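Structure file query.cif (mmCIF, C-alpha atoms) follows.
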data_structure
loop_
_atom_site.label_atom_id
_atom_site.label_comp_id
_atom_site.auth_asym_id
_atom_site.auth_seq_id
_atom_site.Cartn_x
_atom_site.Cartn_y
_atom_site.Cartn_z
CA MET A 1 -0.66 -9.32 -0.11
CA ARG A 2 1.56 -6.64 1.45
CA THR A 3 1.92 -2.89 1.51
CA ARG A 4 4.71 -0.65 2.69
CA VAL A 5 5.05 3.11 2.58
CA GLY A 6 8.27 4.70 1.49
CA TYR A 7 10.05 6.80 -1.07
CA ALA A 8 10.72 6.20 -4.76
CA GLY A 9 11.04 7.86 -8.13
CA GLY A 10 14.13 9.92 -7.38
CA THR A 11 17.87 9.69 -7.72
CA SER A 12 19.15 10.54 -4.24
CA SER A 13 20.32 7.67 -2.07
CA LYS A 14 18.80 6.68 1.27
CA PRO A 15 15.97 9.24 1.46
CA THR A 16 14.18 9.88 4.75
CA TYR A 17 11.05 11.82 5.59
CA ARG A 18 13.15 14.84 6.59
CA GLN A 19 15.61 14.52 3.68
CA MET A 20 13.62 13.12 0.80
CA GLY A 21 15.66 14.69 -1.97
CA ASP A 22 13.91 14.27 -5.32
CA HIS A 23 11.83 11.24 -4.24
CA THR A 24 8.06 11.02 -3.84
CA GLU A 25 6.15 9.50 -0.95
CA THR A 26 4.85 6.22 -2.31
CA ILE A 27 3.30 2.92 -1.39
CA GLU A 28 4.69 -0.38 -2.59
CA ILE A 29 2.10 -3.09 -3.15
CA ASP A 30 2.92 -6.79 -3.43
CA PHE A 31 -0.03 -8.54 -5.02
CA ASP A 32 -1.04 -11.90 -6.42
CA PRO A 33 -2.05 -11.46 -10.09
CA ASP A 34 -4.30 -14.52 -9.71
CA VAL A 35 -6.34 -12.51 -7.18
CA ILE A 36 -6.17 -8.95 -8.54
CA GLN A 37 -4.85 -7.61 -11.84
CA VAL A 38 -2.64 -4.55 -12.36
CA SER A 39 -5.49 -2.96 -14.32
CA GLU A 40 -7.74 -3.20 -11.24
CA LEU A 41 -5.05 -1.62 -9.05
CA LEU A 42 -4.58 1.16 -11.59
CA THR A 43 -8.32 1.82 -11.69
CA ILE A 44 -8.29 2.17 -7.90
CA PHE A 45 -5.20 4.39 -8.12
CA TRP A 46 -6.70 6.73 -10.74
CA GLY A 47 -10.01 6.87 -8.88
CA ASN A 48 -8.68 7.79 -5.45
CA HIS A 49 -7.00 11.13 -6.00
CA ASN A 50 -7.27 14.22 -8.16
CA SER A 51 -4.86 13.32 -10.92
CA LEU A 52 -5.72 16.43 -12.94
CA ARG A 53 -4.00 18.71 -10.44
CA LYS A 54 -0.21 18.80 -10.30
CA GLU A 55 0.90 18.99 -6.70
CA VAL A 56 3.78 21.40 -6.27
CA TYR A 57 3.81 21.63 -2.49
CA ARG A 58 7.21 20.50 -1.21
CA GLY A 59 8.54 19.71 -4.65
CA ARG A 60 8.07 16.09 -5.63
CA GLN A 61 7.06 14.86 -2.18
CA TYR A 62 3.32 14.57 -2.94
CA LEU A 63 3.49 14.13 -6.72
CA SER A 64 0.97 11.78 -8.30
CA LEU A 65 3.26 9.02 -9.53
CA PHE A 66 2.89 5.52 -10.94
CA LEU A 67 6.08 3.47 -11.22
CA TYR A 68 5.86 0.53 -13.60
CA ARG A 69 8.04 -2.58 -13.53
CA THR A 70 7.26 -4.03 -16.95
CA GLU A 71 6.50 -2.72 -20.42
CA ALA A 72 3.04 -4.26 -20.15
CA GLN A 73 2.37 -2.25 -16.97
CA ARG A 74 3.60 0.93 -18.68
CA LYS A 75 1.30 0.42 -21.67
CA MET A 76 -1.65 -0.39 -19.43
CA ALA A 77 -1.06 2.69 -17.24
CA LEU A 78 -0.81 4.99 -20.25
CA GLN A 79 -3.91 3.50 -21.88
CA LEU A 80 -5.98 3.86 -18.72
CA LYS A 81 -4.61 7.38 -18.27
CA GLU A 82 -5.66 8.29 -21.82
CA ASN A 83 -9.13 6.79 -21.28
CA LEU A 84 -9.56 8.76 -18.08
CA GLU A 85 -8.39 12.00 -19.72
CA ASP A 86 -11.09 11.53 -22.37
CA LYS A 87 -13.69 10.85 -19.69
CA LEU A 88 -12.65 13.84 -17.53
CA ASN A 89 -11.91 16.12 -20.48
CA GLY A 90 -8.60 17.16 -18.94
CA VAL A 91 -4.89 16.43 -18.82
CA ILE A 92 -3.84 14.03 -16.08
CA GLN A 93 -0.71 15.25 -14.35
CA THR A 94 0.30 11.86 -12.94
CA GLU A 95 3.85 10.94 -13.84
CA VAL A 96 4.29 7.43 -15.27
CA SER A 97 7.92 6.37 -14.89
CA PRO A 98 10.02 3.21 -14.68
CA PHE A 99 10.58 1.74 -11.23
CA THR A 100 14.20 1.82 -10.10
CA HIS A 101 14.26 1.51 -6.32
CA PHE A 102 11.94 1.67 -3.34
CA TYR A 103 13.18 2.86 0.04
CA VAL A 104 11.03 1.75 2.96
CA ALA A 105 9.97 4.68 5.16
CA GLU A 106 10.83 4.87 8.81
CA ASP A 107 8.89 2.57 11.18
CA LYS A 108 6.80 5.42 12.55
CA HIS A 109 5.23 5.90 9.11
CA GLN A 110 4.21 2.25 8.61
CA LYS A 111 0.61 1.07 9.20
CA TYR A 112 -0.52 4.58 10.02
CA TYR A 113 -4.24 3.86 10.36
CA LEU A 114 -3.75 0.77 12.50
CA LYS A 115 -1.75 2.87 14.97
CA ARG A 116 -4.96 4.74 15.78
CA PHE A 117 -5.99 1.57 17.64
CA PRO A 118 -3.05 1.21 20.06
CA LYS A 119 -4.34 -1.91 21.86
CA ALA A 120 -4.86 -3.86 18.63
CA TYR A 121 -1.59 -2.50 17.23
CA GLU A 122 0.40 -3.64 20.28
CA ASP A 123 -1.32 -7.04 20.36
CA LEU A 124 -0.40 -7.59 16.71
CA LEU A 125 3.14 -6.24 17.04
CA HIS A 126 3.96 -8.81 19.73
CA LEU A 127 3.16 -11.65 17.32
CA PHE A 128 6.15 -10.89 15.08
CA GLU A 129 9.85 -11.37 15.69
CA SER A 130 10.72 -8.05 14.06
CA HIS A 131 9.06 -4.82 13.02
CA GLN A 132 9.97 -5.67 9.42
CA GLN A 133 7.95 -8.90 9.62
CA PHE A 134 5.07 -6.92 11.12
CA VAL A 135 5.18 -4.35 8.29
CA ASN A 136 5.40 -7.08 5.64
CA SER A 137 2.53 -9.12 7.05
CA THR A 138 -0.52 -9.68 4.85
CA LEU A 139 -2.71 -9.78 7.94
CA VAL A 140 -1.42 -6.42 9.18
CA ALA A 141 -1.85 -4.86 5.73
CA ARG A 142 -5.45 -6.06 5.56
CA LEU A 143 -6.23 -4.88 9.11
CA ASN A 144 -4.68 -1.48 8.35
CA GLY A 145 -7.10 -1.23 5.42
CA PHE A 146 -9.99 -2.46 7.56
CA VAL A 147 -9.57 0.29 10.16
CA ARG A 148 -9.55 2.79 7.27
CA GLU A 149 -12.96 1.30 6.38
CA PHE A 150 -11.81 -0.72 3.37
CA GLY A 151 -13.47 -4.06 3.87
CA THR A 152 -14.80 -5.91 6.88
CA LEU A 153 -13.42 -8.40 9.37
CA GLN A 154 -15.72 -10.97 7.81
CA THR A 155 -14.12 -10.34 4.42
CA ILE A 156 -10.68 -10.91 5.96
CA ARG A 157 -11.90 -14.10 7.64
CA THR A 158 -13.18 -15.33 4.28
CA GLU A 159 -9.91 -14.38 2.54
CA LEU A 160 -7.94 -16.52 4.99
CA GLU A 161 -9.13 -19.59 3.12
CA HIS A 162 -7.11 -18.41 0.09
CA TRP A 163 -3.88 -17.47 1.90
CA LYS A 164 -2.30 -20.94 1.48
CA LEU A 165 -2.09 -21.47 5.25
CA ASP A 166 -1.88 -24.82 6.96
CA GLU A 167 -4.68 -25.55 9.43
CA ARG A 168 -2.65 -24.47 12.47
CA GLU A 169 -1.72 -21.10 10.91
CA TYR A 170 -5.32 -20.59 9.82
CA GLN A 171 -6.65 -21.22 13.33
CA VAL A 172 -4.01 -18.97 14.95
CA ILE A 173 -4.80 -16.04 12.64
CA LEU A 174 -8.54 -16.55 13.02
CA LYS A 175 -8.12 -16.50 16.81
CA ILE A 176 -6.07 -13.30 16.56
CA ILE A 177 -8.68 -11.55 14.41
CA ASN A 178 -11.52 -12.64 16.67
CA GLY A 179 -9.62 -11.62 19.82
CA LEU A 180 -8.50 -8.12 18.86
CA LYS A 181 -9.91 -5.31 20.96
CA TRP A 182 -10.65 -2.18 18.94
#

Mind turning the file's structure into structure tokens?
Amino acid sequence: MRTRVGYAGGTSSKPTYRQMGDHTETIEIDFDPDVIQVSELLTIFWGNHNSLRKEVYRGRQYLSLFLYRTEAQRKMALQLKENLEDKLNGVIQTEVSPFTHFYVAEDKHQKYYLKRFPKAYEDLLHLFESHQQFVNSTLVARLNGFVREFGTLQTIRTELEHWKLDEREYQVILKIINGLKW
């Protein structure tokens, strides 16, 4: 439903991009378990980076890291990790640790791919009362993925029917999507 980039997994307080301390650059994902399961997200996570290589550049900044919130998530992550190690015949270096705190990254780091389309970005930004609302928007998260070539506008239009919108909200968002200039 929403994504935000930021910092997590460390102990220092109030990390920033320039002073990250012992945190790792991360993404926080809010999702509806009736739409997608943690196991599906983990499969995507494991499949989209080289988890066999331990990144040491800049300390923990680019570490492969999964932060779980429940014991069930921990068990699932470790089981999928073990299955993948068997399949790849190697040791996965991804750290699996308990979630403690997520610090949202600076505004300039949010919705990175969407920013490559300044006209659409500005048109969307003006629809929200604050940058925080913009960053937390499901629509903006989905469009950020779309411009990175994950999905289509038609898929987003179809998803709108499941976003629990009233008819007015549905029509406004549909008009926005159809009116964006890329």

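By all atoms listed in the file, and with residues fewer than 4 positions from region 111-113 of chain A along its chain excluded, the set lying at most 10 Å from it is A:Thr3, A:Arg4, A:Val5, A:Asp107, A:Phe117, A:Tyr121, A:Phe134, A:Val135, A:Val140, A:Ala141, A:Leu143, A:Asn144, A:Gly145, A:Phe146, A:Val147, A:Arg148, A:Glu149.
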
Task: Selection near region 42-47 of chain A, 9 Å with all atoms listed in the file, sequence-local residues under 2 positions removed, as a VMD selection string - done: chain A and resid 37 to 40 49 to 51 66 76 to 77 80 to 81 84 94

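When CA of Tyr7 (chain A) is paired with CA of Thr26 (chain A), their separation reads 5.4 Å.
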
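The smallest atom-to-atom distance between Gln133 (chain A) and any of A:Ile173, A:Gln110, A:Gln93, A:Arg60, using all atoms listed in the file, is found for A:Gln110.
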
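Evaluated on this file, the PyMOL selection byres ((chain A and resi 160-167) around 12) matches Met1, Phe31, Asp32, Asp34, Val35, Ser137, Thr138, Leu139, Arg142, Leu153, Gln154, Thr155, Ile156, Arg157, Thr158, Glu159, Arg168, Glu169, Tyr170, Gln171, Val172, Ile173, Leu174, Lys175 and Ile177 of chain A.
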
Open item on the list: Expand the PyMOL selection byres ((chain A and resi 6) around 12) into the explicit residue set it covers here, and present it as a PyMOL selection string.
Closed with: chain A and resi 3-5+7-10+14-17+20+23-29+61-62+101-111+135

TODO: Convert the output of the PyMOL selection byres ((chain A and resi 68) around 7) on the shown file into explicit residues, formatted as a PyMOL selection string.
DONE: chain A and resi 66-67+69-70+73-74+97-99

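Between Thr11 (chain A) and the residues A:Gly90, A:Glu85, A:Ala72, A:Thr100, the shortest atom-to-atom distance, using only C-alpha atoms, involves A:Thr100.
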
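Between CA of Trp182 (chain A) and CA of Pro118 (chain A) there is a distance of 8.4 Å.
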
If I wrap all listed atoms of region 149-164 of chain A in a box with edges along x, y and z and add 8 Å on each side, what are its centre and edge lengths in Å to one decimal, as JSON?
{"center_x": -9.0, "center_y": -9.8, "center_z": 4.7, "size_x": 29.4, "size_y": 38.2, "size_z": 25.3}

Open item on the list: Just to confirm, what's the straight-line distance from CA of Leu78 (chain A) to CA of Ser64 (chain A) in Å (one decimal)?
Closed with: 13.9 Å

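Distances to Gly21 (chain A) were evaluated for A:Pro33, A:Gly59, A:Gly151, A:Gly179 using all atoms listed in the file, and the minimum falls at A:Gly59.
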